[in-house]
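Source file my_file-v8.cif; content: mmCIF, C-alpha atoms.
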```
data_my_file
#
loop_
_atom_site.label_atom_id
_atom_site.label_comp_id
_atom_site.auth_asym_id
_atom_site.auth_seq_id
_atom_site.Cartn_x
_atom_site.Cartn_y
_atom_site.Cartn_z
CA MET A 1 51.48 122.56 12.23
CA ALA A 2 51.66 121.03 15.71
CA GLN A 3 50.51 117.42 16.07
CA HIS A 4 46.99 117.00 17.44
CA PRO A 5 46.89 115.28 20.87
CA ILE A 6 44.76 112.45 19.41
CA ASP A 7 47.73 111.48 17.21
CA LEU A 8 49.89 111.29 20.32
CA PHE A 9 47.23 109.25 22.16
CA PHE A 10 47.11 106.72 19.34
CA SER A 11 50.89 106.62 18.92
CA GLU A 12 52.65 103.26 18.81
CA ALA A 13 53.22 103.50 22.55
CA HIS A 14 49.53 103.08 23.30
CA PRO A 15 48.40 99.45 23.84
CA LEU A 16 45.18 99.89 21.86
CA THR A 17 47.03 100.88 18.69
CA ALA A 18 47.84 97.27 17.83
CA TYR A 19 44.10 96.61 17.42
CA VAL A 20 42.66 99.91 16.20
CA SER A 21 44.62 102.06 13.74
CA PRO A 22 42.61 105.14 12.80
CA ASP A 23 43.66 107.83 10.34
CA PHE A 24 42.96 111.26 11.85
CA SER A 25 43.57 113.34 8.72
CA GLY A 26 41.49 116.52 8.88
CA THR A 27 41.35 116.66 12.67
CA SER A 28 41.68 120.12 14.16
CA GLY A 29 41.14 121.49 17.66
CA SER A 30 37.93 120.27 19.24
CA HIS A 31 36.81 118.46 16.06
CA VAL A 32 38.24 114.97 15.54
CA VAL A 33 37.56 113.17 12.26
CA PHE A 34 38.82 109.71 11.44
CA THR A 35 38.58 106.62 9.26
CA LEU A 36 39.43 103.07 10.22
CA ASN A 37 38.76 99.48 9.22
CA ALA A 38 36.69 97.36 11.60
CA PRO A 39 39.21 94.90 13.10
CA ASP A 40 38.76 91.11 13.32
CA HIS A 41 39.73 91.09 17.00
CA PHE A 42 36.27 92.29 18.06
CA ILE A 43 34.12 89.81 16.12
CA GLN A 44 31.24 88.55 18.26
CA ASP A 45 29.32 86.61 15.62
CA SER A 46 31.67 84.45 13.58
CA LYS A 47 28.94 83.60 11.03
CA THR A 48 28.18 87.19 10.08
CA GLY A 49 31.48 88.83 11.06
CA GLU A 50 29.59 91.34 13.21
CA LEU A 51 31.67 93.04 15.88
CA HIS A 52 30.71 93.32 19.53
CA THR A 53 29.18 96.69 20.46
CA GLY A 54 32.11 97.18 22.83
CA PHE A 55 34.28 98.01 19.81
CA ALA A 56 32.22 101.12 19.03
CA THR A 57 32.18 102.02 22.72
CA ILE A 58 35.99 101.82 22.92
CA VAL A 59 36.56 103.84 19.75
CA LEU A 60 34.02 106.52 20.68
CA ASP A 61 35.40 106.90 24.20
CA SER A 62 38.90 107.33 22.72
CA VAL A 63 38.08 109.86 20.01
CA MET A 64 35.69 111.83 22.22
CA GLY A 65 38.48 112.10 24.78
CA GLY A 66 40.74 113.22 21.95
CA SER A 67 38.37 116.06 21.09
CA VAL A 68 38.61 117.24 24.72
CA MET A 69 42.42 117.19 24.52
CA GLY A 70 42.10 119.32 21.40
CA VAL A 71 40.59 122.25 23.32
CA MET A 72 43.07 122.18 26.21
CA THR A 73 45.80 124.81 26.26
CA GLU A 74 48.05 122.74 28.54
CA PHE A 75 48.32 119.00 29.13
CA LYS A 76 46.15 117.71 31.99
CA PRO A 77 44.88 114.19 32.62
CA ILE A 78 41.25 113.64 31.67
CA ALA A 79 38.78 110.90 32.60
CA THR A 80 35.42 109.79 31.27
CA VAL A 81 32.64 110.61 33.75
CA GLY A 82 29.67 109.43 31.70
CA LEU A 83 29.22 107.88 28.28
CA SER A 84 25.98 107.00 26.50
CA VAL A 85 26.08 105.12 23.21
CA SER A 86 23.24 104.13 20.88
CA HIS A 87 24.27 101.19 18.71
CA LEU A 88 22.22 101.36 15.51
CA ARG A 89 24.08 98.61 13.65
CA ARG A 90 27.09 96.47 14.45
CA PRO A 91 29.98 96.96 12.01
CA ILE A 92 31.22 93.96 10.01
CA ALA A 93 34.91 93.05 10.28
CA GLY A 94 36.91 94.72 7.49
CA GLU A 95 34.22 97.33 6.86
CA LYS A 96 35.44 100.91 6.40
CA ILE A 97 34.19 103.18 9.15
CA THR A 98 34.27 106.94 9.32
CA GLY A 99 33.56 109.01 12.39
CA GLU A 100 33.85 112.26 14.17
CA ALA A 101 33.80 113.68 17.66
CA SER A 102 33.47 117.23 18.87
CA CYS A 103 33.82 118.88 22.22
CA ASP A 104 30.96 121.37 22.35
CA GLY A 105 31.92 123.15 25.57
CA VAL A 106 33.83 123.10 28.83
CA TYR A 107 32.16 124.35 32.00
CA GLU A 108 33.64 124.14 35.50
CA GLY A 109 36.23 121.58 34.45
CA LEU A 110 33.72 119.29 32.76
CA ALA A 111 33.80 118.82 28.98
CA TYR A 112 30.64 118.01 27.02
CA VAL A 113 31.23 115.89 23.93
CA LYS A 114 29.37 114.11 21.15
CA GLY A 115 30.58 111.51 18.68
CA GLU A 116 29.43 109.18 15.96
CA LEU A 117 30.51 106.30 13.73
CA ARG A 118 29.21 105.90 10.17
CA ASP A 119 29.56 103.22 7.52
CA GLY A 120 30.88 103.66 3.98
CA ASP A 121 27.45 104.85 2.79
CA GLY A 122 27.30 107.51 5.49
CA GLU A 123 24.67 105.61 7.48
CA PRO A 124 25.05 105.86 11.28
CA LEU A 125 26.46 102.86 13.15
CA ALA A 126 26.68 104.40 16.63
CA ILE A 127 25.89 107.77 18.18
CA ALA A 128 27.28 108.90 21.52
CA SER A 129 27.33 111.71 24.02
CA GLY A 130 29.63 111.96 26.99
CA THR A 131 31.16 114.06 29.72
CA PHE A 132 34.84 114.13 30.63
CA MET A 133 36.49 115.60 33.74
CA ILE A 134 39.61 117.67 33.07
CA GLY A 135 42.47 117.65 35.57
CA THR A 136 41.98 114.26 37.18
CA ARG A 137 44.34 112.10 39.23
CA ALA A 138 47.83 111.79 37.75
CA THR A 139 48.97 108.85 39.85
CA SER A 140 47.95 105.22 39.97
CA ILE A 141 45.51 104.02 42.65
CA ARG A 142 46.75 101.09 44.71
CA ASP A 143 45.01 101.20 48.08
CA ARG A 144 41.28 101.85 48.46
CA SER A 145 41.05 100.94 52.13
CA GLY A 146 40.46 104.55 53.17
CA GLU A 147 37.83 105.30 50.53
CA SER A 148 34.27 106.16 51.42
CA ARG A 149 31.74 103.46 50.59
CA ILE A 150 29.31 106.12 49.39
CA MET B 1 35.75 83.53 43.15
CA GLN B 2 36.84 80.84 40.74
CA HIS B 3 37.28 81.95 37.10
CA LEU B 4 35.68 79.59 34.57
CA PRO B 5 36.75 79.96 30.92
CA ILE B 6 34.01 80.54 28.36
CA LYS B 7 33.67 77.60 25.96
CA GLY B 8 34.24 78.52 22.31
CA SER B 9 35.18 82.11 22.98
CA THR B 10 34.61 84.58 20.18
CA PRO B 11 37.43 86.94 19.15
CA ALA B 12 35.68 89.72 21.12
CA GLU B 13 35.52 87.57 24.26
CA SER B 14 39.19 86.68 23.81
CA TRP B 15 40.12 90.35 23.41
CA LEU B 16 38.21 91.23 26.55
CA ASN B 17 39.74 88.16 28.24
CA VAL B 18 36.42 87.58 29.96
CA SER B 19 35.50 84.54 32.05
CA GLN B 20 32.51 83.43 34.05
CA THR B 21 33.00 83.14 37.77
CA SER B 22 31.72 80.54 40.21
CA ARG B 23 29.14 83.12 41.35
CA HIS B 24 26.06 83.27 39.13
CA GLY B 25 25.82 86.37 36.96
CA VAL B 26 29.33 87.61 37.75
CA TYR B 27 31.89 87.87 34.94
CA VAL B 28 35.51 88.95 35.17
CA CYS B 29 37.76 90.73 32.70
CA ASP B 30 41.27 89.58 33.59
CA PHE B 31 43.53 92.53 32.99
CA GLN B 32 45.76 92.62 29.89
CA GLU B 33 48.04 95.45 28.73
CA ARG B 34 45.72 96.04 25.76
CA HIS B 35 42.94 97.09 28.17
CA LEU B 36 44.85 100.17 29.34
CA GLY B 37 43.36 103.59 28.68
CA ASN B 38 45.91 105.73 30.47
CA PRO B 39 49.30 103.96 30.48
CA LEU B 40 50.75 106.59 32.85
CA ILE B 41 48.45 105.76 35.75
CA ARG B 42 47.71 102.28 34.38
CA SER B 43 43.95 102.69 34.46
CA ILE B 44 41.63 100.58 32.32
CA HIS B 45 40.19 102.22 29.21
CA GLY B 46 36.67 103.56 29.76
CA GLY B 47 35.56 101.81 26.59
CA THR B 48 36.86 98.47 27.90
CA VAL B 49 34.82 98.97 31.08
CA GLY B 50 31.83 99.81 28.88
CA MET B 51 32.40 96.65 26.82
CA LEU B 52 32.33 94.47 29.96
CA ILE B 53 29.12 96.20 31.09
CA GLU B 54 27.49 95.55 27.71
CA TYR B 55 28.74 91.95 27.69
CA CYS B 56 27.38 91.21 31.18
CA ALA B 57 23.99 92.70 30.23
CA GLU B 58 23.76 90.51 27.12
CA GLN B 59 24.68 87.35 29.01
CA GLU B 60 22.22 88.04 31.84
CA LEU B 61 19.34 88.70 29.45
CA LYS B 62 20.14 85.54 27.46
CA HIS B 63 20.24 83.55 30.70
CA HIS B 64 16.84 84.85 31.87
CA LEU B 65 15.20 84.24 28.49
CA ALA B 66 16.60 80.69 28.38
CA GLN B 67 15.29 80.03 31.89
CA LYS B 68 11.83 81.10 30.76
CA GLY B 69 12.12 78.77 27.76
CA VAL B 70 12.17 81.67 25.29
CA GLU B 71 14.27 81.10 22.18
CA ALA B 72 15.48 84.51 21.16
CA ARG B 73 18.38 86.50 19.79
CA VAL B 74 19.32 89.66 21.69
CA GLU B 75 21.03 92.80 20.42
CA LEU B 76 22.25 95.60 22.60
CA THR B 77 20.79 98.86 21.33
CA SER B 78 22.12 101.40 23.82
CA SER B 79 24.19 101.72 26.95
CA SER B 80 24.79 104.49 29.42
CA VAL B 81 27.78 104.20 31.75
CA ASP B 82 28.74 106.20 34.85
CA TYR B 83 32.43 106.05 35.75
CA LEU B 84 32.41 106.23 39.54
CA ARG B 85 36.04 105.64 40.48
CA VAL B 86 39.42 105.38 38.78
CA THR B 87 40.38 101.85 37.74
CA LYS B 88 43.73 100.09 37.96
CA ASP B 89 45.56 97.25 36.22
CA ALA B 90 43.73 94.46 38.05
CA PRO B 91 40.79 92.12 37.39
CA LEU B 92 37.53 93.92 36.70
CA TYR B 93 34.34 92.20 37.84
CA GLY B 94 30.85 92.81 36.46
CA ARG B 95 27.46 91.75 37.78
CA ALA B 96 24.26 92.34 35.81
CA GLU B 97 20.71 92.58 37.15
CA VAL B 98 17.49 92.42 35.20
CA VAL B 99 15.35 95.53 35.68
CA ARG B 100 12.56 94.46 33.34
CA ILE B 101 12.11 92.14 30.41
CA GLY B 102 9.32 93.11 28.05
CA ARG B 103 8.24 91.38 24.85
CA ARG B 104 10.70 93.25 22.67
CA ILE B 105 13.08 95.12 24.98
CA GLY B 106 15.06 94.12 28.05
CA PHE B 107 16.46 96.60 30.57
CA ILE B 108 19.58 95.46 32.42
CA ASP B 109 21.77 97.25 34.96
CA THR B 110 25.40 96.26 35.52
CA TRP B 111 27.83 97.12 38.32
CA CYS B 112 31.60 96.78 38.03
CA TRP B 113 34.23 96.64 40.77
CA GLN B 114 37.84 95.67 41.40
CA ASP B 115 38.88 95.58 45.07
CA SER B 116 35.48 95.16 46.65
CA GLU B 117 31.90 94.99 45.42
CA ASP B 118 30.96 97.81 47.80
CA LEU B 119 33.48 100.08 46.03
CA PRO B 120 32.04 100.03 42.50
CA VAL B 121 34.17 101.62 39.78
CA SER B 122 31.30 101.95 37.32
CA ARG B 123 27.66 101.21 36.70
CA GLY B 124 25.79 100.91 33.45
CA THR B 125 22.24 100.79 32.16
CA CYS B 126 21.66 98.82 28.97
CA ARG B 127 18.68 98.46 26.68
CA LEU B 128 18.57 95.32 24.53
CA ARG B 129 16.28 94.32 21.68
CA ILE B 130 14.76 90.84 21.88
CA PHE B 131 14.06 88.97 18.64
CA GLU B 132 12.01 85.86 19.38
CA SER B 133 12.53 83.02 16.92
#
```

Please, can you express the file's structure as structure tokens?
Amino acid sequence: MAQHPIDLFFSEAHPLTAYVSPDFSGTSGSHVVFTLNAPDHFIQDSKTGELHTGFATIVLDSVMGGSVMGVMTEFKPIATVGLSVSHLRRPIAGEKITGEASCDGVYEGLAYVKGELRDGDGEPLAIASGTFMIGTRATSIRDRSGESRI
Amino acid sequence: MQHLPIKGSTPAESWLNVSQTSRHGVYVCDFQERHLGNPLIRSIHGGTVGMLIEYCAEQELKHHLAQKGVEARVELTSSSVDYLRVTKDAPLYGRAEVVRIGRRIGFIDTWCWQDSEDLPVSRGTCRLRIFES
């Protein structure tokens, strides 16, 4: 079976992999499933070990983008256009987290995606919805002097 | 703008590599390789941008509550981020503005930019729970 694009995204070459190492067993097409352990690097409250909400935001943005890659028939760059996340509870460092993301549809080059993180008891930690543009810029931006201010 | 290190940074603040600036309410995420989302075009990860937005919102709400003499803990409950322009491997600035602070919920908007404040790369709306002690 061909490797899912999310496995390639989280390969050792990606800078985030040193901090977040999910297992994507069971992922197929537009449906990404994963488990990971909440890493120490994102602790915001040292007394409780609670992570900053940004951790969930980073993971959800990544796996939701991965679900979009899973529906594409050819490789194209994608970019997040909008992301909304409800943070029900902050994970504790070391806690096992499960999650999933699914791309529900693509219309006019825009992919519509939902995702969630759950704790070991299946209780929701964070719930997200987002939109991703397919076929975005493939080169780095260096000079914005000619850009519209609008 | 001068970058002022945050005293007693938490691991999350260190990961984000965030500092205060000499301008009130403006924070900066100094770029690190770990912040990349797309290594090919060297753009910052959307989640990292979202994390800075959430961080700025928390700090601004804490600041306003402290100014009013309110002792409270705040917890971000939700965020909604619009990604307006592609980012690059450069410092990312964030400025938060209070929309409204109620008894139990605060509403904070945050704008992020790189080259110029009038070319924002993202904006976010955050809702935060206030727990008065």

Distance-based interface of chain B with chain A, 7 Å, counting only C-alpha atoms, as a tab-separated table (two decimals) with C-alpha atoms, in the coordinates of the input:
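Done, and the output landed in result_6.tsv:
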```
chain	number	residue	atom	x	y	z
B	10	THR	CA	34.61	84.58	20.18
B	11	PRO	CA	37.43	86.94	19.15
B	12	ALA	CA	35.68	89.72	21.12
B	15	TRP	CA	40.12	90.35	23.41
B	33	GLU	CA	48.04	95.45	28.73
B	34	ARG	CA	45.72	96.04	25.76
B	36	LEU	CA	44.85	100.17	29.34
B	41	ILE	CA	48.45	105.76	35.75
B	42	ARG	CA	47.71	102.28	34.38
B	46	GLY	CA	36.67	103.56	29.76
B	47	GLY	CA	35.56	101.81	26.59
B	48	THR	CA	36.86	98.47	27.90
B	50	GLY	CA	31.83	99.81	28.88
B	51	MET	CA	32.40	96.65	26.82
B	54	GLU	CA	27.49	95.55	27.71
B	77	THR	CA	20.79	98.86	21.33
B	78	SER	CA	22.12	101.40	23.82
B	79	SER	CA	24.19	101.72	26.95
B	80	SER	CA	24.79	104.49	29.42
B	81	VAL	CA	27.78	104.20	31.75
B	82	ASP	CA	28.74	106.20	34.85
B	83	TYR	CA	32.43	106.05	35.75
B	88	LYS	CA	43.73	100.09	37.96
B	118	ASP	CA	30.96	97.81	47.80
B	119	LEU	CA	33.48	100.08	46.03
```

Selection under test: the PyMOL selection byres ((chain B and resi 1-3) around 12); residues as a count of residues only:
19

I'd like the neighbourhood of Thr98 (chain A) as a PDB file with C-alpha atoms, in the frame of the given file, where a residue qualifies if any of its atoms comes within 9 Å (using all atoms listed in the file), though same-chain residues fewer than 5 positions away should be ignored.
```pdb
ATOM      1  CA  VAL A  33      37.560 113.170  12.260  1.00  0.00           C
ATOM      2  CA  PHE A  34      38.820 109.710  11.440  1.00  0.00           C
ATOM      3  CA  THR A  35      38.580 106.620   9.260  1.00  0.00           C
ATOM      4  CA  LEU A  36      39.430 103.070  10.220  1.00  0.00           C
ATOM      5  CA  ASN A  37      38.760  99.480   9.220  1.00  0.00           C
ATOM      6  CA  GLU A 116      29.430 109.180  15.960  1.00  0.00           C
ATOM      7  CA  LEU A 117      30.510 106.300  13.730  1.00  0.00           C
ATOM      8  CA  ARG A 118      29.210 105.900  10.170  1.00  0.00           C
ATOM      9  CA  ASP A 119      29.560 103.220   7.520  1.00  0.00           C
ATOM     10  CA  GLY A 120      30.880 103.660   3.980  1.00  0.00           C
ATOM     11  CA  GLY A 122      27.300 107.510   5.490  1.00  0.00           C
TER      12      GLY A 122
END
```

To verify the selection step, state as a PyMOL selection string which residues the PyMOL selection byres ((chain A and resi 94) around 10) yields on this input.
chain A and resi 36-40+49-50+91-93+95-97

Can you write out the residues you just picked, keeping C-alpha atoms, as a PDB file, in the coordinates of the input?
```pdb
ATOM      1  CA  LEU A  36      39.430 103.070  10.220  1.00  0.00           C
ATOM      2  CA  ASN A  37      38.760  99.480   9.220  1.00  0.00           C
ATOM      3  CA  ALA A  38      36.690  97.360  11.600  1.00  0.00           C
ATOM      4  CA  PRO A  39      39.210  94.900  13.100  1.00  0.00           C
ATOM      5  CA  ASP A  40      38.760  91.110  13.320  1.00  0.00           C
ATOM      6  CA  GLY A  49      31.480  88.830  11.060  1.00  0.00           C
ATOM      7  CA  GLU A  50      29.590  91.340  13.210  1.00  0.00           C
ATOM      8  CA  PRO A  91      29.980  96.960  12.010  1.00  0.00           C
ATOM      9  CA  ILE A  92      31.220  93.960  10.010  1.00  0.00           C
ATOM     10  CA  ALA A  93      34.910  93.050  10.280  1.00  0.00           C
ATOM     11  CA  GLU A  95      34.220  97.330   6.860  1.00  0.00           C
ATOM     12  CA  LYS A  96      35.440 100.910   6.400  1.00  0.00           C
ATOM     13  CA  ILE A  97      34.190 103.180   9.150  1.00  0.00           C
TER      14      ILE A  97
END
```

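Residues matched by the PyMOL selection byres ((chain A and resi 106) around 10) in this structure: Val68, Val71, Met72, Cys103, Asp104, Gly105, Tyr107, Glu108, Gly109, Leu110, Ala111, Tyr112, Val113, Thr131, Phe132, Met133 and Ile134 of chain A.
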
Using C-alpha atoms, can you export the residues from the last selection as an mmCIF file, in the frame of the given file?
```
data_model
loop_
_atom_site.group_PDB
_atom_site.id
_atom_site.type_symbol
_atom_site.label_atom_id
_atom_site.label_comp_id
_atom_site.auth_asym_id
_atom_site.auth_seq_id
_atom_site.Cartn_x
_atom_site.Cartn_y
_atom_site.Cartn_z
ATOM 1 C CA VAL A 68 38.610 117.240 24.720
ATOM 2 C CA VAL A 71 40.590 122.250 23.320
ATOM 3 C CA MET A 72 43.070 122.180 26.210
ATOM 4 C CA CYS A 103 33.820 118.880 22.220
ATOM 5 C CA ASP A 104 30.960 121.370 22.350
ATOM 6 C CA GLY A 105 31.920 123.150 25.570
ATOM 7 C CA TYR A 107 32.160 124.350 32.000
ATOM 8 C CA GLU A 108 33.640 124.140 35.500
ATOM 9 C CA GLY A 109 36.230 121.580 34.450
ATOM 10 C CA LEU A 110 33.720 119.290 32.760
ATOM 11 C CA ALA A 111 33.800 118.820 28.980
ATOM 12 C CA TYR A 112 30.640 118.010 27.020
ATOM 13 C CA VAL A 113 31.230 115.890 23.930
ATOM 14 C CA THR A 131 31.160 114.060 29.720
ATOM 15 C CA PHE A 132 34.840 114.130 30.630
ATOM 16 C CA MET A 133 36.490 115.600 33.740
ATOM 17 C CA ILE A 134 39.610 117.670 33.070
#
```

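Computed from the coordinates, the CA of Cys112 (chain B) to CA of Lys68 (chain B) distance equals 26.3 Å.
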
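Distance-wise, CA of Thr27 (chain A) and CA of Ser102 (chain A) end up 10.0 Å apart.
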
Spatial neighbours of Ile108 (chain B), 9 Å, all atoms listed in the file, chain gap at least 4 places, as a list in words:
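Returned residues: Cys56, Ala57, Glu58, Glu60, Leu61, Ala96, Glu97, Val98, Val99, Arg100, Ile101, Gly124, Thr125, Cys126, Arg127 and Leu128 of chain B.
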
Mind giving me the straight-line distance from CA of Phe107 (chain B) to CA of Leu16 (chain B) in Å, one decimal?
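CA of Phe107 (chain B) sits 22.8 Å away from CA of Leu16 (chain B).
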
Pick out the closest residue to Met64 (chain A) from this set: A:Asp121, A:Ser25, A:Gly99, A:Gly115. Count all atoms listed in the file.
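Selected residue with least distance to Met64 (chain A): A:Gly115.
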
At a cut-off of 12 Å, using all atoms listed in the file, what residues contact Ser11 (chain A)? Leave out same-chain residues fewer than 4 positions from it and give the result as a PyMOL selection string.
(chain A and resi 3-7+15-18+20-24) or (chain B and resi 39)

Since the input is missing atoms, can you rebuild all heavy atoms for region 31-40 of chain B and write them as a PDB file, keeping the file's coordinate frame?
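selection38.pdb, written as the output of this step:
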```pdb
ATOM      1  N   PHE B  31      42.797  91.419  33.588  1.00  0.00           N
ATOM      2  CA  PHE B  31      43.530  92.530  32.990  1.00  0.00           C
ATOM      3  C   PHE B  31      44.615  92.075  32.012  1.00  0.00           C
ATOM      4  O   PHE B  31      45.355  91.143  32.271  1.00  0.00           O
ATOM      5  CB  PHE B  31      44.175  93.393  34.084  1.00  0.00           C
ATOM      6  CG  PHE B  31      45.025  94.486  33.511  1.00  0.00           C
ATOM      7  CD1 PHE B  31      44.452  95.628  32.991  1.00  0.00           C
ATOM      8  CD2 PHE B  31      46.408  94.343  33.443  1.00  0.00           C
ATOM      9  CE1 PHE B  31      45.239  96.621  32.419  1.00  0.00           C
ATOM     10  CE2 PHE B  31      47.194  95.331  32.877  1.00  0.00           C
ATOM     11  CZ  PHE B  31      46.606  96.468  32.365  1.00  0.00           C
ATOM     12  N   GLN B  32      44.675  92.772  30.875  1.00  0.00           N
ATOM     13  CA  GLN B  32      45.760  92.620  29.890  1.00  0.00           C
ATOM     14  C   GLN B  32      46.252  94.032  29.550  1.00  0.00           C
ATOM     15  O   GLN B  32      45.497  94.999  29.653  1.00  0.00           O
ATOM     16  CB  GLN B  32      45.221  91.965  28.615  1.00  0.00           C
ATOM     17  CG  GLN B  32      44.631  90.585  28.828  1.00  0.00           C
ATOM     18  CD  GLN B  32      45.697  89.533  29.046  1.00  0.00           C
ATOM     19  OE1 GLN B  32      46.598  89.373  28.241  1.00  0.00           O
ATOM     20  NE2 GLN B  32      45.612  88.822  30.163  1.00  0.00           N
ATOM     21  N   GLU B  33      47.484  94.129  29.081  1.00  0.00           N
ATOM     22  CA  GLU B  33      48.040  95.450  28.730  1.00  0.00           C
ATOM     23  C   GLU B  33      47.157  96.180  27.706  1.00  0.00           C
ATOM     24  O   GLU B  33      47.044  97.399  27.718  1.00  0.00           O
ATOM     25  CB  GLU B  33      49.453  95.303  28.166  1.00  0.00           C
ATOM     26  CG  GLU B  33      50.505  94.964  29.214  1.00  0.00           C
ATOM     27  CD  GLU B  33      50.736  96.098  30.202  1.00  0.00           C
ATOM     28  OE1 GLU B  33      50.892  97.245  29.774  1.00  0.00           O
ATOM     29  OE2 GLU B  33      50.753  95.815  31.420  1.00  0.00           O
ATOM     30  N   ARG B  34      46.537  95.407  26.806  1.00  0.00           N
ATOM     31  CA  ARG B  34      45.720  96.040  25.760  1.00  0.00           C
ATOM     32  C   ARG B  34      44.476  96.725  26.316  1.00  0.00           C
ATOM     33  O   ARG B  34      43.815  97.481  25.612  1.00  0.00           O
ATOM     34  CB  ARG B  34      45.291  94.994  24.717  1.00  0.00           C
ATOM     35  CG  ARG B  34      44.476  93.841  25.274  1.00  0.00           C
ATOM     36  CD  ARG B  34      44.074  92.871  24.180  1.00  0.00           C
ATOM     37  NE  ARG B  34      43.336  91.727  24.704  1.00  0.00           N
ATOM     38  CZ  ARG B  34      43.874  90.553  25.023  1.00  0.00           C
ATOM     39  NH1 ARG B  34      45.174  90.377  24.861  1.00  0.00           N
ATOM     40  NH2 ARG B  34      43.130  89.562  25.494  1.00  0.00           N
ATOM     41  N   HIS B  35      44.126  96.470  27.565  1.00  0.00           N
ATOM     42  CA  HIS B  35      42.940  97.090  28.170  1.00  0.00           C
ATOM     43  C   HIS B  35      43.237  98.473  28.739  1.00  0.00           C
ATOM     44  O   HIS B  35      42.315  99.164  29.192  1.00  0.00           O
ATOM     45  CB  HIS B  35      42.407  96.206  29.315  1.00  0.00           C
ATOM     46  CG  HIS B  35      41.951  94.858  28.856  1.00  0.00           C
ATOM     47  ND1 HIS B  35      41.966  93.751  29.671  1.00  0.00           N
ATOM     48  CD2 HIS B  35      41.470  94.427  27.656  1.00  0.00           C
ATOM     49  CE1 HIS B  35      41.507  92.698  29.005  1.00  0.00           C
ATOM     50  NE2 HIS B  35      41.209  93.082  27.787  1.00  0.00           N
ATOM     51  N   LEU B  36      44.496  98.884  28.733  1.00  0.00           N
ATOM     52  CA  LEU B  36      44.850 100.170  29.340  1.00  0.00           C
ATOM     53  C   LEU B  36      44.256 101.336  28.555  1.00  0.00           C
ATOM     54  O   LEU B  36      44.247 101.347  27.334  1.00  0.00           O
ATOM     55  CB  LEU B  36      46.372 100.334  29.388  1.00  0.00           C
ATOM     56  CG  LEU B  36      47.136  99.573  30.462  1.00  0.00           C
ATOM     57  CD1 LEU B  36      48.633  99.793  30.290  1.00  0.00           C
ATOM     58  CD2 LEU B  36      46.698 100.001  31.858  1.00  0.00           C
ATOM     59  N   GLY B  37      43.798 102.340  29.284  1.00  0.00           N
ATOM     60  CA  GLY B  37      43.360 103.590  28.680  1.00  0.00           C
ATOM     61  C   GLY B  37      44.395 104.665  28.903  1.00  0.00           C
ATOM     62  O   GLY B  37      44.750 105.413  28.000  1.00  0.00           O
ATOM     63  N   ASN B  38      44.874 104.760  30.130  1.00  0.00           N
ATOM     64  CA  ASN B  38      45.910 105.730  30.470  1.00  0.00           C
ATOM     65  C   ASN B  38      47.135 104.956  30.970  1.00  0.00           C
ATOM     66  O   ASN B  38      47.166 104.517  32.122  1.00  0.00           O
ATOM     67  CB  ASN B  38      45.387 106.678  31.556  1.00  0.00           C
ATOM     68  CG  ASN B  38      46.401 107.761  31.903  1.00  0.00           C
ATOM     69  OD1 ASN B  38      47.596 107.585  31.692  1.00  0.00           O
ATOM     70  ND2 ASN B  38      45.911 108.868  32.438  1.00  0.00           N
ATOM     71  N   PRO B  39      48.124 104.754  30.086  1.00  0.00           N
ATOM     72  CA  PRO B  39      49.300 103.960  30.480  1.00  0.00           C
ATOM     73  C   PRO B  39      50.086 104.602  31.624  1.00  0.00           C
ATOM     74  O   PRO B  39      50.792 103.897  32.339  1.00  0.00           O
ATOM     75  CB  PRO B  39      50.146 103.918  29.200  1.00  0.00           C
ATOM     76  CG  PRO B  39      49.205 104.227  28.091  1.00  0.00           C
ATOM     77  CD  PRO B  39      48.187 105.162  28.678  1.00  0.00           C
ATOM     78  N   LEU B  40      49.967 105.926  31.799  1.00  0.00           N
ATOM     79  CA  LEU B  40      50.750 106.590  32.850  1.00  0.00           C
ATOM     80  C   LEU B  40      50.271 106.182  34.240  1.00  0.00           C
ATOM     81  O   LEU B  40      51.076 105.920  35.128  1.00  0.00           O
ATOM     82  CB  LEU B  40      50.669 108.129  32.699  1.00  0.00           C
ATOM     83  CG  LEU B  40      51.277 108.682  31.413  1.00  0.00           C
ATOM     84  CD1 LEU B  40      51.043 110.177  31.331  1.00  0.00           C
ATOM     85  CD2 LEU B  40      52.774 108.375  31.360  1.00  0.00           C
TER      86      LEU B  40
END
```
